[in-house]
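Below: the structure, in C-alpha cells.
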Amino acid sequence: MRRSVVTVAAGLAALAVTAAGCSGKAAGDKPELQIGLIAPMSGPFAVLGISQQNSLNVEIERINAAGGLDGSKLKLVVRDSALDPGKAVQAANELAGNDAVKLVVGPSLTAFYDAAKGTYEKNAKLNCQPAVSTGDFSGLKYGFRSQDPFTLDAQVVVSWLKQEGAKSLGLVYEGDDTGKNTDALLKTLLPQAGIKYLGWEKSRADDQSHRAHVDKFKNAGAIMVSSSVGGAKTMAAAAQSGYKGKIVGAGSGMQNISFIEAAGDAAKGAVFPAALYEYPTRKPRAEWMPGYRKHIEAIEAKYGKNVGPKSGATSPKGAAIAADCLFAFEQAVKSAKSTEAAKLADAIEKLDVTAQQSPSGNAIKPGDKHEFYSQVHLYQWNKDGKGWYTEEISSS
C-alpha cells in the first residue's frame, strides 16, 4: 500500500514538472505583479479613467491567459484622482513606495504628473503616461509618454492653419501647467508661421460661460481651446457668439465624446490632433491597423461602447494608448527577462514596435526621448444624417 501511494505521488510530481516545463515555469509560482492606475474614476472626466482601466484590464487578461509574465500573473490596482491634485499625488506616493507595483499608469494631466514625477524617479518606479500632453520626458529615467506630445500636436495644427490662410489665433485655456506650456509654445510657433498670436485668456473651472473669453477673440482667424473639460465651454460660447473662424484643439482630448455632448453642434468642424484614432472615422474596419482592431473589438466584446445620450456619438469604452503602456511593459519584461525597474526602463527605450503590432495602431519607438510616438494625425469632427464622425485631414 505504501508503495502504491509513493508511486501515485511520484506520478503526480512528474506531471507537475511536465506541465511547468511547457512554459519554463508554472504560471503563478511567483507573487503577482501589480500594475497601478491613477486616473479620474469619478467626476466629469471619469470616462477617461474608466476607459484606461478597461483597456488595461483587457491586456492583463490577455497576458494572464497566456501564462502571465516572468512566472507571475498580473493584477490591476486602481486609485481615483477625481481630478484632485492632492489625491493624485497621494496615490502616486503610495504606489511608488509599493514594491509589488511594477508599473504605474498616470496620474492623468500634466500638472498632476509634474507633481508626482519626482517621487517616481526617487523611488525608481517605472511609469507610463497616456494623458500628459506637455512637458519633457527626455530627462527622466523611469517615465515614458504614450500620448502624442504637444510639441508635435502644435506643429501639425499651426502648419494646417497656415495652409488654411489663418492670420491670427487666440488661446482659451485653464491657467495650469498645460496652459502655461501651450502659451509658451504658441509664442514661438505662430510667428514662425506668419500667424499673429493674440494672447491667452485664462479660463477657470468654475466659469459658467466662456463667452467673455471668446468675445476677446471675435475677429481672430482661429481659437485654440483646451483639451480638458473646459474646451467644450469655449466651443459652445463660440457658437453662441456667431464666431466664424476656426476652432482647433490643443491636444487629443477633443476626441472624447464628452466634448460632443457638452458642445453639441458647436463641435462640428472642430479640428484636433491625436495619435491614430480610427474608430470614429468612416474607414472600413478591415482597413484598420490589425493590433488596434483586435484591441478595440476586445473592448467592445467585454465592455461595449459609450453612447452620448444627447448627441448619439459613440466611442469604445477603452483607451488604446493606455493599453500601449502595458504592451510595452510586456515586451520589456520578455526582453530583459526581469522585472527590475532599471532594466525595464532600458528595454523600453530600445523598443521598436510597428504600427501593425501595437494596441493603439501607432509605432512605438521611445528612444532616449521616452516618447512612444513620433507621428501625429489631424482630425476634424463632422456630423451628417448617420451621426458624428471624424475625417483625417493631415498628419505629420
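Every chain in the C-alpha cells takes a letter, A first, then B, and so on in the order presented; its residues are numbered from 1, and the ligands are numbered from 1 following the presented order.
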Using DSSP secondary structure from the backbone, list all helix (DSSP H, G or I) positions within segment 274-370 of chain A, as JSON, numbers by chain.
{"A": [285, 286, 287, 290, 291, 292, 293, 294, 295, 296, 297, 298, 299, 300, 301, 302, 303, 320, 321, 322, 323, 324, 325, 326, 327, 328, 329, 330, 331, 332, 333, 334, 335, 336, 341, 342, 343, 344, 345, 346, 347, 348, 349, 367, 368, 369]}
Every residue of segment 267-394 of chain A that DSSP places in strand (DSSP E or B), as a PDB file with N, CA and C atoms, in the first residue's frame:
```pdb
ATOM      1  N   VAL A 271     -11.257  70.980 -35.172  1.00  0.00           N
ATOM      2  CA  VAL A 271     -10.095  70.206 -35.597  1.00  0.00           C
ATOM      3  C   VAL A 271      -9.208  69.911 -34.391  1.00  0.00           C
ATOM      4  N   PHE A 272      -8.716  68.693 -34.304  1.00  0.00           N
ATOM      5  CA  PHE A 272      -7.857  68.335 -33.167  1.00  0.00           C
ATOM      6  C   PHE A 272      -6.771  67.353 -33.594  1.00  0.00           C
ATOM      7  N   PRO A 273      -5.603  67.408 -32.949  1.00  0.00           N
ATOM      8  CA  PRO A 273      -4.519  66.465 -33.214  1.00  0.00           C
ATOM      9  C   PRO A 273      -4.637  65.249 -32.293  1.00  0.00           C
ATOM     10  N   ALA A 274      -4.132  64.118 -32.741  1.00  0.00           N
ATOM     11  CA  ALA A 274      -4.172  62.910 -31.905  1.00  0.00           C
ATOM     12  C   ALA A 274      -3.263  61.852 -32.498  1.00  0.00           C
ATOM     13  N   LYS A 305     -19.737  50.026 -25.762  1.00  0.00           N
ATOM     14  CA  LYS A 305     -19.286  51.332 -26.215  1.00  0.00           C
ATOM     15  C   LYS A 305     -20.051  52.439 -25.500  1.00  0.00           C
ATOM     16  N   ASN A 306     -19.426  53.613 -25.449  1.00  0.00           N
ATOM     17  CA  ASN A 306     -20.087  54.793 -24.894  1.00  0.00           C
ATOM     18  C   ASN A 306     -21.027  55.374 -25.942  1.00  0.00           C
ATOM     19  N   VAL A 307     -22.192  55.803 -25.508  1.00  0.00           N
ATOM     20  CA  VAL A 307     -23.144  56.449 -26.405  1.00  0.00           C
ATOM     21  C   VAL A 307     -23.605  57.745 -25.739  1.00  0.00           C
ATOM     22  N   THR A 314     -20.619  57.975 -30.503  1.00  0.00           N
ATOM     23  CA  THR A 314     -20.154  56.756 -29.852  1.00  0.00           C
ATOM     24  C   THR A 314     -18.628  56.714 -29.781  1.00  0.00           C
ATOM     25  N   SER A 315     -18.142  55.974 -28.810  1.00  0.00           N
ATOM     26  CA  SER A 315     -16.710  55.711 -28.680  1.00  0.00           C
ATOM     27  C   SER A 315     -16.545  54.390 -27.949  1.00  0.00           C
ATOM     28  N   PRO A 316     -15.438  53.691 -28.183  1.00  0.00           N
ATOM     29  CA  PRO A 316     -15.216  52.449 -27.441  1.00  0.00           C
ATOM     30  C   PRO A 316     -14.951  52.747 -25.982  1.00  0.00           C
ATOM     31  N   VAL A 353       8.473  48.846 -32.058  1.00  0.00           N
ATOM     32  CA  VAL A 353       7.230  48.121 -32.344  1.00  0.00           C
ATOM     33  C   VAL A 353       6.545  48.765 -33.533  1.00  0.00           C
ATOM     34  N   ILE A 364       5.730  52.269 -31.929  1.00  0.00           N
ATOM     35  CA  ILE A 364       6.292  52.616 -30.617  1.00  0.00           C
ATOM     36  C   ILE A 364       7.808  52.506 -30.690  1.00  0.00           C
ATOM     37  N   GLU A 371       9.536  59.111 -25.687  1.00  0.00           N
ATOM     38  CA  GLU A 371       8.280  59.382 -26.376  1.00  0.00           C
ATOM     39  C   GLU A 371       7.906  58.157 -27.202  1.00  0.00           C
ATOM     40  N   HIS A 377      -1.719  62.729 -36.096  1.00  0.00           N
ATOM     41  CA  HIS A 377      -2.764  62.862 -37.108  1.00  0.00           C
ATOM     42  C   HIS A 377      -3.664  64.034 -36.747  1.00  0.00           C
ATOM     43  N   LEU A 378      -4.214  64.681 -37.762  1.00  0.00           N
ATOM     44  CA  LEU A 378      -5.130  65.793 -37.544  1.00  0.00           C
ATOM     45  C   LEU A 378      -6.517  65.372 -38.012  1.00  0.00           C
ATOM     46  N   TYR A 379      -7.475  65.449 -37.079  1.00  0.00           N
ATOM     47  CA  TYR A 379      -8.848  65.011 -37.361  1.00  0.00           C
ATOM     48  C   TYR A 379      -9.820  66.182 -37.250  1.00  0.00           C
ATOM     49  N   GLN A 380     -10.927  66.058 -37.970  1.00  0.00           N
ATOM     50  CA  GLN A 380     -11.985  67.066 -37.888  1.00  0.00           C
ATOM     51  C   GLN A 380     -13.312  66.389 -37.583  1.00  0.00           C
ATOM     52  N   TRP A 381     -14.020  66.927 -36.559  1.00  0.00           N
ATOM     53  CA  TRP A 381     -15.342  66.419 -36.234  1.00  0.00           C
ATOM     54  C   TRP A 381     -16.374  66.906 -37.250  1.00  0.00           C
ATOM     55  N   ASN A 382     -17.211  65.981 -37.706  1.00  0.00           N
ATOM     56  CA  ASN A 382     -18.298  66.325 -38.613  1.00  0.00           C
ATOM     57  C   ASN A 382     -19.541  65.541 -38.244  1.00  0.00           C
ATOM     58  N   LYS A 383     -20.653  65.957 -38.795  1.00  0.00           N
ATOM     59  CA  LYS A 383     -21.933  65.318 -38.491  1.00  0.00           C
ATOM     60  C   LYS A 383     -22.790  65.304 -39.742  1.00  0.00           C
ATOM     61  N   ASP A 384     -23.442  64.163 -39.978  1.00  0.00           N
ATOM     62  CA  ASP A 384     -24.399  64.070 -41.076  1.00  0.00           C
ATOM     63  C   ASP A 384     -25.600  63.260 -40.607  1.00  0.00           C
ATOM     64  N   GLY A 387     -24.877  60.517 -38.188  1.00  0.00           N
ATOM     65  CA  GLY A 387     -24.324  60.839 -36.877  1.00  0.00           C
ATOM     66  C   GLY A 387     -22.956  61.480 -36.943  1.00  0.00           C
ATOM     67  N   TRP A 388     -22.276  61.500 -35.812  1.00  0.00           N
ATOM     68  CA  TRP A 388     -20.965  62.130 -35.679  1.00  0.00           C
ATOM     69  C   TRP A 388     -19.859  61.204 -36.177  1.00  0.00           C
ATOM     70  N   TYR A 389     -18.859  61.801 -36.823  1.00  0.00           N
ATOM     71  CA  TYR A 389     -17.708  61.045 -37.310  1.00  0.00           C
ATOM     72  C   TYR A 389     -16.540  61.990 -37.470  1.00  0.00           C
ATOM     73  N   THR A 390     -15.340  61.445 -37.672  1.00  0.00           N
ATOM     74  CA  THR A 390     -14.162  62.279 -37.918  1.00  0.00           C
ATOM     75  C   THR A 390     -13.570  61.948 -39.274  1.00  0.00           C
ATOM     76  N   GLU A 391     -12.892  62.941 -39.834  1.00  0.00           N
ATOM     77  CA  GLU A 391     -12.121  62.766 -41.051  1.00  0.00           C
ATOM     78  C   GLU A 391     -10.673  63.131 -40.761  1.00  0.00           C
ATOM     79  N   GLU A 392      -9.738  62.336 -41.259  1.00  0.00           N
ATOM     80  CA  GLU A 392      -8.336  62.709 -41.119  1.00  0.00           C
ATOM     81  C   GLU A 392      -8.001  63.711 -42.214  1.00  0.00           C
ATOM     82  N   ILE A 393      -7.501  64.875 -41.818  1.00  0.00           N
ATOM     83  CA  ILE A 393      -7.232  65.912 -42.809  1.00  0.00           C
ATOM     84  C   ILE A 393      -5.745  66.204 -42.983  1.00  0.00           C
ATOM     85  N   SER A 394      -4.911  65.650 -42.091  1.00  0.00           N
ATOM     86  CA  SER A 394      -3.485  65.860 -42.193  1.00  0.00           C
ATOM     87  C   SER A 394      -2.755  64.933 -41.233  1.00  0.00           C
TER      88      SER A 394
END
```
Pairwise distance, atom CA of Ala100 of chain A with atom CA of Leu69 of chain A, equals 13.7 Å
For Ile296 of chain A, which residue out of A:Ala220, A:Val58, A:Ala232, A:Ala342 is the nearest one, using only C-alpha atoms?
A:Val58
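Relative to atom CA of Thr188 of chain A, atom CA of Gly170 of chain A is found at 13.9 Å.
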Spatial neighbours of Asn57 of chain A, 10 Å, only C-alpha atoms, chain gap at least 4 places, as number ranges by chain:
A: 35, 51-53, 61-63, 74-76, 299, 302, 318, 323, 326
I'd like the contact shell of Lys162 of chain A - 9 Å cut-off, only C-alpha atoms, skipping same-chain residues fewer than 5 positions apart - returned as an mmCIF file with N, CA, C and O atoms, in the first residue's frame.
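Final output, saved to around-v3.cif:
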```cif
data_model
loop_
_atom_site.group_PDB
_atom_site.id
_atom_site.type_symbol
_atom_site.label_atom_id
_atom_site.label_comp_id
_atom_site.auth_asym_id
_atom_site.auth_seq_id
_atom_site.Cartn_x
_atom_site.Cartn_y
_atom_site.Cartn_z
ATOM 1 N N VAL A 157 -0.998 71.420 -36.058
ATOM 2 C CA VAL A 157 -2.122 72.356 -36.068
ATOM 3 C C VAL A 157 -1.721 73.674 -36.710
ATOM 4 O O VAL A 157 -2.439 74.213 -37.573
ATOM 5 N N LYS A 167 -4.772 84.109 -40.145
ATOM 6 C CA LYS A 167 -3.817 85.193 -39.907
ATOM 7 C C LYS A 167 -3.565 85.461 -38.422
ATOM 8 O O LYS A 167 -2.596 86.128 -38.066
ATOM 9 N N ALA A 193 5.197 80.903 -38.410
ATOM 10 C CA ALA A 193 4.251 80.571 -39.476
ATOM 11 C C ALA A 193 3.576 81.813 -40.056
ATOM 12 O O ALA A 193 2.718 81.699 -40.937
ATOM 13 N N GLY A 194 3.925 82.987 -39.553
ATOM 14 C CA GLY A 194 3.315 84.206 -40.038
ATOM 15 C C GLY A 194 1.914 84.419 -39.509
ATOM 16 O O GLY A 194 1.104 85.129 -40.115
ATOM 17 N N ILE A 195 1.607 83.830 -38.359
ATOM 18 C CA ILE A 195 0.288 83.962 -37.731
ATOM 19 C C ILE A 195 0.439 84.778 -36.454
ATOM 20 O O ILE A 195 1.284 84.479 -35.614
#
```
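When only C-alpha atoms are used to compute distances to Val101 of chain A, the closest of the residues A:Ser311, A:Asn127, A:Thr134, A:Gln34 turns out to be A:Gln34.
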Skipping near chain neighbours, those fewer than 2 positions away, what residues fall within 7 Å of Asp177 of chain A using only C-alpha atoms, listed as a VMD selection string?
chain A and resid 110 to 111 179 to 181
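Proximity to Asn93 of chain A at 10 Å, evaluated using only C-alpha atoms and with sequence-adjacent residues fewer than 2 positions away removed, yields Lys87, Ala88, Val89, Gln90, Ala91, Leu95, Ala96, Gly97, Asn98, Ala116, Lys117, Gly118, Thr119, Tyr120 and Asn123 of chain A.
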Selected residues, N, CA, C and O atoms, written as a PDB file, in the first residue's frame, please.
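Written output follows (result36.pdb):
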```pdb
ATOM      1  N   LYS A  87      -5.197  64.275  -4.244  1.00  0.00           N
ATOM      2  CA  LYS A  87      -5.442  62.828  -4.300  1.00  0.00           C
ATOM      3  C   LYS A  87      -4.495  62.159  -5.291  1.00  0.00           C
ATOM      4  O   LYS A  87      -4.020  61.040  -5.049  1.00  0.00           O
ATOM      5  N   ALA A  88      -4.214  62.822  -6.405  1.00  0.00           N
ATOM      6  CA  ALA A  88      -3.320  62.253  -7.409  1.00  0.00           C
ATOM      7  C   ALA A  88      -1.915  62.055  -6.852  1.00  0.00           C
ATOM      8  O   ALA A  88      -1.290  60.998  -7.026  1.00  0.00           O
ATOM      9  N   VAL A  89      -1.409  63.070  -6.163  1.00  0.00           N
ATOM     10  CA  VAL A  89      -0.058  62.988  -5.593  1.00  0.00           C
ATOM     11  C   VAL A  89      -0.010  61.958  -4.469  1.00  0.00           C
ATOM     12  O   VAL A  89       0.955  61.185  -4.351  1.00  0.00           O
ATOM     13  N   GLN A  90      -1.046  61.912  -3.648  1.00  0.00           N
ATOM     14  CA  GLN A  90      -1.103  60.923  -2.568  1.00  0.00           C
ATOM     15  C   GLN A  90      -1.065  59.507  -3.137  1.00  0.00           C
ATOM     16  O   GLN A  90      -0.341  58.639  -2.620  1.00  0.00           O
ATOM     17  N   ALA A  91      -1.813  59.277  -4.202  1.00  0.00           N
ATOM     18  CA  ALA A  91      -1.831  57.950  -4.816  1.00  0.00           C
ATOM     19  C   ALA A  91      -0.471  57.617  -5.432  1.00  0.00           C
ATOM     20  O   ALA A  91       0.000  56.477  -5.345  1.00  0.00           O
ATOM     21  N   LEU A  95       1.757  54.298  -4.459  1.00  0.00           N
ATOM     22  CA  LEU A  95       2.135  53.255  -5.417  1.00  0.00           C
ATOM     23  C   LEU A  95       3.637  53.250  -5.683  1.00  0.00           C
ATOM     24  O   LEU A  95       4.223  52.192  -5.933  1.00  0.00           O
ATOM     25  N   ALA A  96       4.253  54.422  -5.632  1.00  0.00           N
ATOM     26  CA  ALA A  96       5.707  54.486  -5.833  1.00  0.00           C
ATOM     27  C   ALA A  96       6.452  53.740  -4.739  1.00  0.00           C
ATOM     28  O   ALA A  96       7.539  53.197  -4.964  1.00  0.00           O
ATOM     29  N   GLY A  97       5.876  53.700  -3.542  1.00  0.00           N
ATOM     30  CA  GLY A  97       6.518  53.021  -2.422  1.00  0.00           C
ATOM     31  C   GLY A  97       6.147  51.562  -2.268  1.00  0.00           C
ATOM     32  O   GLY A  97       6.603  50.900  -1.327  1.00  0.00           O
ATOM     33  N   ASN A  98       5.336  51.052  -3.188  1.00  0.00           N
ATOM     34  CA  ASN A  98       4.879  49.658  -3.122  1.00  0.00           C
ATOM     35  C   ASN A  98       5.719  48.798  -4.064  1.00  0.00           C
ATOM     36  O   ASN A  98       5.611  48.906  -5.284  1.00  0.00           O
ATOM     37  N   ALA A 116       4.132  64.602  -9.390  1.00  0.00           N
ATOM     38  CA  ALA A 116       4.385  63.209  -8.989  1.00  0.00           C
ATOM     39  C   ALA A 116       5.682  62.629  -9.535  1.00  0.00           C
ATOM     40  O   ALA A 116       6.235  61.690  -8.953  1.00  0.00           O
ATOM     41  N   LYS A 117       6.190  63.177 -10.632  1.00  0.00           N
ATOM     42  CA  LYS A 117       7.300  62.507 -11.324  1.00  0.00           C
ATOM     43  C   LYS A 117       8.576  62.445 -10.481  1.00  0.00           C
ATOM     44  O   LYS A 117       9.363  61.484 -10.602  1.00  0.00           O
ATOM     45  N   GLY A 118       8.799  63.435  -9.626  1.00  0.00           N
ATOM     46  CA  GLY A 118       9.971  63.383  -8.753  1.00  0.00           C
ATOM     47  C   GLY A 118       9.933  62.193  -7.814  1.00  0.00           C
ATOM     48  O   GLY A 118      10.958  61.547  -7.552  1.00  0.00           O
ATOM     49  N   THR A 119       8.743  61.877  -7.308  1.00  0.00           N
ATOM     50  CA  THR A 119       8.568  60.714  -6.436  1.00  0.00           C
ATOM     51  C   THR A 119       8.851  59.424  -7.190  1.00  0.00           C
ATOM     52  O   THR A 119       9.486  58.500  -6.660  1.00  0.00           O
ATOM     53  N   TYR A 120       8.376  59.347  -8.437  1.00  0.00           N
ATOM     54  CA  TYR A 120       8.640  58.160  -9.250  1.00  0.00           C
ATOM     55  C   TYR A 120      10.141  57.968  -9.481  1.00  0.00           C
ATOM     56  O   TYR A 120      10.669  56.854  -9.364  1.00  0.00           O
ATOM     57  N   ASN A 123      11.969  56.889  -6.272  1.00  0.00           N
ATOM     58  CA  ASN A 123      11.681  55.506  -5.880  1.00  0.00           C
ATOM     59  C   ASN A 123      11.939  54.496  -6.999  1.00  0.00           C
ATOM     60  O   ASN A 123      11.605  53.324  -6.853  1.00  0.00           O
TER      61      ASN A 123
END
```
